[in-house]
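structure12.txt, holding compact mmCIF, C-alpha atoms and all ligand atoms:
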```txt
# COMPACT_ATOMS: atom_id res chain seq x y z
CA MET A 1 0.00 0.00 0.00
CA MET A 2 1.22 3.50 -0.90
CA SER A 3 0.21 5.67 2.04
CA ASP A 4 -0.43 8.80 -0.02
CA CYS A 5 -2.40 7.06 -2.77
CA LEU A 6 -6.14 7.73 -3.00
CA PHE A 7 -6.95 4.39 -4.62
CA CYS A 8 -4.80 2.46 -2.12
CA LYS A 9 -6.92 4.14 0.57
CA ILE A 10 -10.07 3.07 -1.25
CA GLU A 11 -8.66 -0.45 -1.50
CA ALA A 12 -7.97 -0.43 2.26
CA GLU A 13 -11.46 0.99 2.92
CA GLU A 14 -9.93 4.06 4.58
CA ILE A 15 -11.93 6.09 2.07
CA PRO A 16 -15.43 4.90 1.19
CA SER A 17 -16.40 3.89 -2.32
CA ASP A 18 -19.46 2.46 -3.98
CA ARG A 19 -18.10 -0.97 -4.86
CA VAL A 20 -19.84 -3.08 -7.48
CA TYR A 21 -17.30 -5.92 -7.59
CA GLU A 22 -14.26 -7.14 -5.71
CA ASP A 23 -12.10 -10.22 -5.52
CA ASP A 24 -8.59 -11.02 -4.38
CA LYS A 25 -6.98 -9.12 -7.29
CA VAL A 26 -9.23 -6.21 -8.27
CA ILE A 27 -11.88 -3.80 -7.04
CA VAL A 28 -14.51 -2.09 -9.18
CA PHE A 29 -16.31 0.99 -7.89
CA LYS A 30 -18.39 3.85 -9.22
CA ASP A 31 -16.54 6.96 -10.35
CA ILE A 32 -17.45 9.80 -8.00
CA TYR A 33 -17.78 12.23 -10.95
CA PRO A 34 -19.42 10.06 -13.60
CA LYS A 35 -18.85 11.08 -17.24
CA ALA A 36 -21.55 8.69 -18.50
CA SER A 37 -24.68 7.14 -17.00
CA VAL A 38 -22.51 4.16 -16.04
CA HIS A 39 -18.92 5.04 -15.11
CA LEU A 40 -16.92 2.43 -13.23
CA LEU A 41 -13.27 2.27 -12.26
CA MET A 42 -11.39 -1.01 -11.99
CA ILE A 43 -8.19 -0.97 -9.93
CA PRO A 44 -5.78 -3.74 -8.99
CA ARG A 45 -5.44 -4.18 -5.22
CA GLN A 46 -1.70 -4.01 -5.79
CA HIS A 47 -0.34 -0.50 -6.36
CA ILE A 48 1.01 0.18 -9.85
CA ASP A 49 1.57 3.84 -10.74
CA SER A 50 0.42 3.84 -14.34
CA LEU A 51 0.47 1.97 -17.61
CA ALA A 52 3.79 3.67 -18.30
CA THR A 53 5.45 1.83 -15.41
CA VAL A 54 4.01 -1.61 -16.18
CA THR A 55 6.56 -4.35 -16.83
CA GLY A 56 6.43 -8.00 -17.78
CA LYS A 57 5.84 -9.08 -14.17
CA ASP A 58 2.46 -7.30 -14.30
CA GLN A 59 1.18 -9.03 -17.40
CA ASP A 60 -0.88 -11.68 -15.65
CA LEU A 61 -2.60 -9.05 -13.51
CA LEU A 62 -3.31 -6.75 -16.46
CA GLY A 63 -4.59 -9.68 -18.48
CA TYR A 64 -6.81 -10.62 -15.55
CA MET A 65 -8.21 -7.08 -15.38
CA LEU A 66 -9.05 -6.92 -19.06
CA ALA A 67 -10.56 -10.39 -19.08
CA LYS A 68 -12.78 -9.40 -16.13
CA VAL A 69 -14.31 -6.45 -18.00
CA PRO A 70 -17.02 -8.38 -19.91
CA GLU A 71 -18.46 -9.79 -16.67
CA ILE A 72 -18.46 -6.34 -15.04
CA ALA A 73 -20.07 -4.78 -18.12
CA ARG A 74 -22.73 -7.50 -18.27
CA ASP A 75 -23.54 -7.07 -14.59
CA ALA A 76 -23.79 -3.30 -15.10
CA GLY A 77 -26.29 -3.85 -17.93
CA LEU A 78 -24.03 -2.49 -20.65
CA ASP A 79 -25.62 -4.66 -23.34
CA GLY A 80 -25.20 -1.99 -26.02
CA GLY A 81 -21.45 -1.80 -25.56
CA PHE A 82 -19.08 0.27 -23.52
CA ARG A 83 -15.78 2.14 -23.63
CA THR A 84 -12.65 1.27 -21.68
CA ILE A 85 -10.02 3.94 -21.07
CA ILE A 86 -6.65 3.96 -19.31
CA ASN A 87 -5.39 7.53 -18.95
CA THR A 88 -1.61 7.55 -18.64
CA GLY A 89 0.63 10.30 -17.33
CA ALA A 90 0.09 14.04 -17.32
CA ASP A 91 -0.44 14.33 -21.07
CA GLY A 92 -2.88 11.41 -20.95
CA GLY A 93 -4.98 13.17 -18.33
CA GLN A 94 -4.14 10.79 -15.48
CA GLU A 95 -5.09 12.35 -12.15
CA VAL A 96 -4.76 9.38 -9.81
CA PHE A 97 -1.44 7.57 -10.08
CA HIS A 98 -2.71 4.10 -9.22
CA ILE A 99 -3.42 2.36 -12.50
CA HIS A 100 -7.13 2.12 -13.29
CA LEU A 101 -9.42 1.17 -16.11
CA HIS A 102 -12.45 3.35 -16.79
CA ILE A 103 -15.56 1.48 -17.97
CA LEU A 104 -18.12 3.87 -19.46
CA GLY A 105 -21.49 3.23 -21.03
CA GLY A 106 -25.23 3.17 -20.56
CA SER A 107 -25.98 5.25 -23.66
CA LYS A 108 -24.29 6.20 -26.91
CA LEU A 109 -21.04 7.92 -25.99
CA PRO A 110 -19.69 10.95 -27.83
CA PHE A 111 -16.78 10.32 -30.16
CA ALA A 112 -13.43 10.25 -28.35
P1 LIG B 201 -7.90 9.61 -14.17
O1 LIG B 201 -8.10 11.02 -14.65
O2 LIG B 201 -7.86 8.60 -15.30
O3 LIG B 201 -6.73 9.49 -13.24
O4 LIG B 201 -9.20 9.24 -13.40
C1 LIG B 201 -9.38 9.43 -12.03
C2 LIG B 201 -10.85 9.25 -11.78
O5 LIG B 201 -11.04 9.04 -10.39
C3 LIG B 201 -11.70 10.46 -12.19
O6 LIG B 201 -12.66 10.07 -13.16
C4 LIG B 201 -12.35 10.89 -10.86
O7 LIG B 201 -13.68 11.32 -11.05
C5 LIG B 201 -12.27 9.61 -10.04
N1 LIG B 201 -12.24 9.80 -8.61
C6 LIG B 201 -11.51 10.69 -7.89
N2 LIG B 201 -11.72 10.54 -6.58
C7 LIG B 201 -12.60 9.51 -6.45
C8 LIG B 201 -13.21 8.86 -5.33
N3 LIG B 201 -12.96 9.22 -4.06
N4 LIG B 201 -14.07 7.84 -5.57
C9 LIG B 201 -14.34 7.46 -6.83
N5 LIG B 201 -13.78 8.02 -7.93
C10 LIG B 201 -12.93 9.03 -7.74
ZN ZN B 202 -2.19 3.00 -4.90
```

What is this file in structure tokens?
Ligand code: AMP
Ligand code: ZN
Amino acid sequence: MMSDCLFCKIEAEEIPSDRVYEDDKVIVFKDIYPKASVHLLMIPRQHIDSLATVTGKDQDLLGYMLAKVPEIARDAGLDGGFRTIINTGADGGQEVFHIHLHILGGSKLPFA
């Protein structure tokens, strides 16, 4: 756990979140400022700064996260499709430096 990391604090339940899924590897919770009618964030329990710092040792975990998305999307009722986003670094618009996958949907999204 990184003591100054917002998402590590959410993982440790030091900060509340509206969780929709959790297991031993990941947590999925509702984004506090939703940009679509459904806006979820998936984080690994383990702290990784960003996609830019991922290495080969993380590949099983990242593969696990991506392979978990369809189940999360189904459970969230995203039958019409969804968008997944990983913002990376300052230029990529990353605000929280604990890697996370945005899952957005619930209606037709504007072009991005
Ligand atoms: P990013 O810009 O990719 O780093 O995304 C960070 C996301 O975290 C933003 O969409 C924020 O709305 C969201 N966020 C920030 N604080 C919280 C929080 N306490 N609970 C849930 N989502 C949050
Ligand atoms: Zn963290």

Margin query: Just want the residues within 12 Å of ligand ZN 202 (chain B), written as a PyMOL selection string, counting only C-alpha atoms and all ligand atoms.
Written below: chain A and resi 1-12+43-50+96-100

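The binding environment of ligand LIG 201 (chain B), defined as every protein, DNA or RNA residue with an atom no more than 6 Å away and counting all atoms listed in the file, comprises Ser17, Lys30, Asp31, Ile32, Tyr33, Asn87, Gly93, Gln94, Glu95 and Val96 of chain A.
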
Check: What is the CA of Leu62 in chain A-CA of Val38 in chain A distance in Å, reported with one decimal?
Finding: 22.1 Å

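Here the question is which of A:Arg19, A:Lys25, A:His102, A:Lys68 gets nearest to Thr84 in chain A using all atoms listed in the file, and that residue is A:His102.
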
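With CA of Gly80 in chain A on one side and CA of Asp23 in chain A on the other, the separation reads 25.7 Å.
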
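Going from CA of Leu109 in chain A to CA of Asp79 in chain A covers 13.6 Å.
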
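Nearest residue to Val69 in chain A among A:Pro16, A:Leu41, A:Pro110, A:Gly89 is A:Leu41, counting all atoms listed in the file.
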